[in-house]
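Text of input12.cif, listed as mmCIF, C-alpha atoms:
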```
data_input
loop_
_atom_site.label_atom_id
_atom_site.label_comp_id
_atom_site.auth_asym_id
_atom_site.auth_seq_id
_atom_site.Cartn_x
_atom_site.Cartn_y
_atom_site.Cartn_z
CA PHE A 155 7.99 -10.05 -6.42
CA GLY A 156 11.29 -8.79 -7.80
CA PHE A 157 13.41 -9.62 -4.75
CA SER A 158 11.99 -13.15 -4.60
CA ALA A 159 12.56 -13.67 -8.31
CA VAL A 160 16.24 -12.83 -7.88
CA ARG A 161 16.50 -15.47 -5.16
CA ILE A 162 14.63 -18.26 -6.98
CA LEU A 163 15.98 -17.63 -10.48
CA PRO A 164 18.75 -20.27 -10.20
CA LEU A 165 16.23 -22.88 -9.06
CA ALA A 166 13.73 -21.97 -11.80
CA LYS A 167 16.48 -22.33 -14.41
CA ARG A 168 17.75 -25.62 -12.98
CA MET A 169 14.21 -27.07 -12.91
CA GLU A 170 13.39 -25.49 -16.28
CA LYS A 171 10.28 -23.86 -14.84
CA PRO A 172 8.77 -20.65 -16.19
CA LEU A 173 9.11 -17.56 -14.06
CA ILE A 174 6.65 -14.69 -13.83
CA VAL A 175 7.86 -11.70 -11.83
CA SER A 176 5.54 -9.09 -10.38
CA PHE A 177 6.50 -5.65 -9.06
CA HIS A 178 4.36 -3.93 -6.48
CA GLY A 179 6.25 -1.17 -4.69
CA PHE A 180 9.38 -1.61 -2.59
CA ASP A 181 10.89 -3.97 -5.17
CA ALA A 182 10.48 -1.30 -7.88
CA SER A 183 11.51 1.70 -5.81
CA ARG A 184 13.83 1.78 -2.77
CA LEU A 185 15.29 -1.66 -3.40
CA LEU A 186 16.51 -0.47 -6.80
CA ARG A 187 19.08 1.70 -4.98
CA LYS A 188 21.02 -1.48 -4.19
CA ARG A 189 23.39 -2.10 -7.08
CA ALA A 190 23.53 -5.88 -6.57
CA TYR A 191 19.72 -6.16 -6.73
CA ARG A 192 19.49 -3.85 -9.73
CA ASN A 193 22.16 -5.82 -11.60
CA ALA A 194 20.54 -9.17 -10.72
CA LEU A 195 17.25 -8.07 -12.27
CA ASP A 196 18.75 -8.20 -15.76
CA ALA A 197 19.06 -12.00 -15.55
CA VAL A 198 15.54 -12.21 -14.10
CA PHE A 199 14.13 -10.13 -16.96
CA ASP A 200 16.02 -12.21 -19.54
CA TYR A 201 14.62 -15.48 -18.16
CA ALA A 202 11.12 -14.38 -17.12
CA SER A 203 8.14 -15.39 -19.19
CA ALA A 204 6.29 -12.26 -18.05
CA ILE A 205 7.02 -9.10 -16.08
CA ILE A 206 3.97 -7.68 -14.33
CA ILE A 207 3.75 -4.10 -13.07
CA CYS A 208 0.87 -2.49 -11.18
CA ASN A 209 1.63 1.02 -12.40
CA PRO A 210 2.83 2.08 -15.86
CA LEU A 211 5.43 4.40 -14.29
CA MET A 212 7.20 1.34 -12.89
CA ALA A 213 8.36 0.53 -16.41
CA GLU A 214 10.43 3.73 -16.31
CA ALA A 215 11.90 2.92 -12.89
CA LEU A 216 12.90 -0.67 -13.64
CA PRO A 217 16.17 -1.34 -15.48
CA LEU A 218 14.42 -2.89 -18.47
CA LYS A 219 16.14 -3.37 -21.82
CA PRO A 220 14.25 -3.01 -25.12
CA ASP A 221 14.01 -6.80 -25.55
CA HIS A 222 12.30 -7.09 -22.14
CA LEU A 223 9.43 -4.79 -23.12
CA SER A 224 7.52 -7.52 -24.99
CA LYS A 225 7.23 -9.40 -21.67
CA LEU A 226 5.85 -6.38 -19.81
CA HIS A 227 2.20 -6.45 -18.68
CA TRP A 228 0.39 -3.76 -16.75
CA VAL A 229 -2.15 -5.28 -14.34
CA PRO A 230 -3.76 -2.45 -12.36
CA TYR A 231 -4.87 -3.25 -8.86
CA GLY A 232 -8.39 -2.28 -8.09
CA ILE A 233 -11.60 -3.04 -6.34
CA ASP A 234 -15.09 -4.00 -7.41
CA LEU A 235 -16.76 -0.59 -7.20
CA ALA A 236 -20.22 -2.19 -7.26
CA ARG A 237 -19.40 -3.72 -3.88
CA PHE A 238 -18.90 -0.27 -2.37
CA THR A 239 -22.15 1.50 -3.05
CA ARG A 240 -23.69 3.11 -0.01
CA SER A 241 -26.37 0.71 1.27
CA SER A 242 -27.86 3.29 3.63
CA PRO A 243 -27.57 7.05 3.94
CA ARG A 244 -24.79 8.37 6.14
CA ALA A 245 -26.10 9.90 9.34
CA GLN A 246 -26.40 13.69 9.11
CA THR A 247 -24.05 15.15 11.69
CA ASP A 248 -21.51 17.92 12.03
CA GLN A 249 -18.84 15.27 12.55
CA VAL A 250 -16.62 14.53 9.54
CA HIS A 251 -15.35 10.96 9.60
CA LEU A 252 -12.06 10.23 7.83
CA LEU A 253 -10.80 6.70 7.29
CA HIS A 254 -7.38 5.19 6.65
CA VAL A 255 -6.98 1.49 5.92
CA GLY A 256 -3.48 0.06 5.63
CA ARG A 257 -0.40 -1.07 7.44
CA PHE A 258 1.26 1.34 9.85
CA ILE A 259 4.60 1.43 8.02
CA GLU A 260 6.88 4.29 7.08
CA LYS A 261 5.91 4.61 3.42
CA LYS A 262 2.20 4.84 4.27
CA GLY A 263 2.78 7.99 6.36
CA VAL A 264 0.19 7.25 9.05
CA PRO A 265 1.99 9.39 11.67
CA ASP A 266 1.89 12.27 9.17
CA LEU A 267 -1.84 11.71 8.75
CA VAL A 268 -2.30 11.90 12.53
CA ARG A 269 -0.22 15.10 12.67
CA MET A 270 -2.37 16.57 9.89
CA LEU A 271 -5.52 15.72 11.82
CA ILE A 272 -4.14 17.39 14.95
CA LYS A 273 -3.50 20.60 12.98
CA MET A 274 -6.83 20.46 11.14
CA ARG A 275 -8.81 19.95 14.36
CA SER A 276 -7.64 23.37 15.55
CA ARG A 277 -9.69 24.76 12.63
CA ASN A 278 -12.42 22.12 12.58
CA PRO A 279 -13.04 20.34 15.91
CA TYR A 280 -15.56 18.05 14.21
CA LEU A 281 -12.93 16.01 12.37
CA GLY A 282 -12.58 12.38 13.40
CA LEU A 283 -10.25 9.68 12.14
CA ASN A 284 -10.68 5.91 12.01
CA LEU A 285 -7.45 3.96 11.55
CA VAL A 286 -7.65 0.35 10.40
CA GLY A 287 -4.51 -1.77 10.43
CA ASN A 288 -1.42 -2.22 12.52
CA GLY A 289 2.33 -2.19 12.22
CA PRO A 290 5.53 -0.68 13.53
CA ASP A 291 4.31 2.96 13.42
CA GLU A 292 1.17 2.24 15.45
CA GLN A 293 2.70 3.10 18.83
CA GLU A 294 4.02 6.41 17.48
CA CYS A 295 0.52 7.25 16.23
CA LYS A 296 -1.04 6.39 19.58
CA ALA A 297 1.52 8.54 21.38
CA LEU A 298 0.80 11.49 19.05
CA VAL A 299 -2.92 11.18 19.71
CA LYS A 300 -2.45 10.95 23.46
CA GLU A 301 0.04 13.86 23.62
CA SER A 302 -2.26 16.11 21.59
CA GLY A 303 -5.30 15.30 23.73
CA ILE A 304 -7.52 14.23 20.83
CA ASP A 305 -8.05 10.68 22.09
CA GLY A 306 -11.79 10.80 21.42
CA ALA A 307 -11.30 11.90 17.82
CA VAL A 308 -9.12 8.99 16.69
CA VAL A 309 -10.17 5.34 16.82
CA PHE A 310 -7.59 2.59 16.35
CA HIS A 311 -9.50 -0.43 15.02
CA GLY A 312 -6.62 -2.84 14.39
CA TRP A 313 -7.08 -5.38 11.61
CA LYS A 314 -10.59 -5.66 10.14
CA SER A 315 -12.14 -8.04 7.62
CA PRO A 316 -13.15 -6.70 4.20
CA ASP A 317 -16.81 -6.64 5.28
CA GLU A 318 -15.96 -4.65 8.42
CA VAL A 319 -13.88 -2.21 6.34
CA LYS A 320 -16.83 -1.82 3.96
CA LYS A 321 -19.07 -0.81 6.87
CA LEU A 322 -16.50 1.74 8.06
CA MET A 323 -16.23 3.11 4.54
CA GLU A 324 -19.97 3.59 4.34
CA ARG A 325 -19.88 5.71 7.51
CA SER A 326 -16.89 7.75 6.35
CA HIS A 327 -16.61 10.88 4.29
#
```

Is it possible to express this structure as structure tokens?
Amino acid sequence: FGFSAVRILPLAKRMEKPLIVSFHGFDASRLLRKRAYRNALDAVFDYASAIIICNPLMAEALPLKPDHLSKLHWVPYGIDLARFTRSSPRAQTDQVHLLHVGRFIEKKGVPDLVRMLIKMRSRNPYLGLNLVGNGPDEQECKALVKESGIDGAVVFHGWKSPDEVKKLMERSH
């Protein structure tokens, strides 16, 4: 990632090793507000053999110079869609099952999702939410659920394996 590349650049140069830098999110967004990091990226881009981005818009956010563009490669993240075909029909019920899979961190907005569910349940009491993952915002989410009295509508699953997530996805809307 960008922040790691800044730190290991001197070693890569000293050992004459190629460097490939990949940008995923934080290192191509909020971290760019730090002038020292932003300035250090120029040397990384000059030395790097390749610069990988997961979103074409990152090329606009990064402080790339024209001579860096030939090193730029867009590698979209994705999933094997064939692996996520419904193996059995979803049970017919009035309940609408929503699913969120990811870390409980600020940029994911999981507390906002819980607040949205609380508001939406006043219009549709059949909404349910499955939350997979954990992190620093988990306790806030649990407190929101408890305070709102919708404990039965939200299930906190913690970390799940890819196969367990697949099963939850098949049961979700």

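Contact shell of Asp305 (chain A) at 9 Å (all atoms listed in the file; same-chain neighbours under 5 positions omitted): A:Lys296, A:Val299, A:Lys300.
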
message: Once the PyMOL selection byres ((chain A and resi 204) around 6) is applied to the coordinates I shared, what remains selected? I want it as JSON, numbers by chain.
response: {"A": [174, 202, 203, 205, 225]}

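Closest to Gly289 (chain A) among A:Phe155, A:Phe258, A:Tyr191, A:Trp313 is A:Phe258, based on all atoms listed in the file.
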
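If all atoms listed in the file are the atoms counted, then among A:His311, A:Arg184, A:His227, A:Arg269 the closest residue to Ala213 (chain A) is A:His227.
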
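Atom pair CA of Leu163 (chain A) / CA of Asn209 (chain A): separated by 23.6 Å.
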
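For the file at hand, the PyMOL selection byres ((chain A and resi 294) around 12) resolves to A:Phe258, A:Ile259, A:Glu260, A:Gly263, A:Val264, A:Pro265, A:Asp266, A:Leu267, A:Val268, A:Arg269, A:Asn288, A:Gly289, A:Pro290, A:Asp291, A:Glu292, A:Gln293, A:Cys295, A:Lys296, A:Ala297, A:Leu298, A:Val299, A:Lys300, A:Glu301.
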
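Taking CA of Val308 (chain A) and CA of Met270 (chain A) as endpoints, the distance between them is 12.2 Å.
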
task: Could you tell me how far CA of Leu281 (chain A) lies from CA of Gln249 (chain A), in Å and to one decimal?
output: 6.0 Å

task: Given the file shown, determine the residues that the PyMOL selection byres ((chain A and resi 176) around 12) selects; report them as number ranges by chain.
output: A: 155-160, 173-175, 177-182, 195, 198-199, 202-209, 212-213, 216, 225-230

field: Polymer residues at most 12 Å from Ala307 (chain A), all atoms listed in the file, same-chain spacing of 5 or more positions, as a VMD selection string
entry: chain A and resid 249 to 253 268 271 to 272 274 to 275 278 to 285 296 299 to 300 302

Selected residues, C-alpha atoms, written as a PDB file, in the coordinates of the input, please.
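For reference, again_9.pdb as written:
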```pdb
ATOM      1  CA  GLN A 249     -18.840  15.270  12.550  1.00  0.00           C
ATOM      2  CA  VAL A 250     -16.620  14.530   9.540  1.00  0.00           C
ATOM      3  CA  HIS A 251     -15.350  10.960   9.600  1.00  0.00           C
ATOM      4  CA  LEU A 252     -12.060  10.230   7.830  1.00  0.00           C
ATOM      5  CA  LEU A 253     -10.800   6.700   7.290  1.00  0.00           C
ATOM      6  CA  VAL A 268      -2.300  11.900  12.530  1.00  0.00           C
ATOM      7  CA  LEU A 271      -5.520  15.720  11.820  1.00  0.00           C
ATOM      8  CA  ILE A 272      -4.140  17.390  14.950  1.00  0.00           C
ATOM      9  CA  MET A 274      -6.830  20.460  11.140  1.00  0.00           C
ATOM     10  CA  ARG A 275      -8.810  19.950  14.360  1.00  0.00           C
ATOM     11  CA  ASN A 278     -12.420  22.120  12.580  1.00  0.00           C
ATOM     12  CA  PRO A 279     -13.040  20.340  15.910  1.00  0.00           C
ATOM     13  CA  TYR A 280     -15.560  18.050  14.210  1.00  0.00           C
ATOM     14  CA  LEU A 281     -12.930  16.010  12.370  1.00  0.00           C
ATOM     15  CA  GLY A 282     -12.580  12.380  13.400  1.00  0.00           C
ATOM     16  CA  LEU A 283     -10.250   9.680  12.140  1.00  0.00           C
ATOM     17  CA  ASN A 284     -10.680   5.910  12.010  1.00  0.00           C
ATOM     18  CA  LEU A 285      -7.450   3.960  11.550  1.00  0.00           C
ATOM     19  CA  LYS A 296      -1.040   6.390  19.580  1.00  0.00           C
ATOM     20  CA  VAL A 299      -2.920  11.180  19.710  1.00  0.00           C
ATOM     21  CA  LYS A 300      -2.450  10.950  23.460  1.00  0.00           C
ATOM     22  CA  SER A 302      -2.260  16.110  21.590  1.00  0.00           C
TER      23      SER A 302
END
```
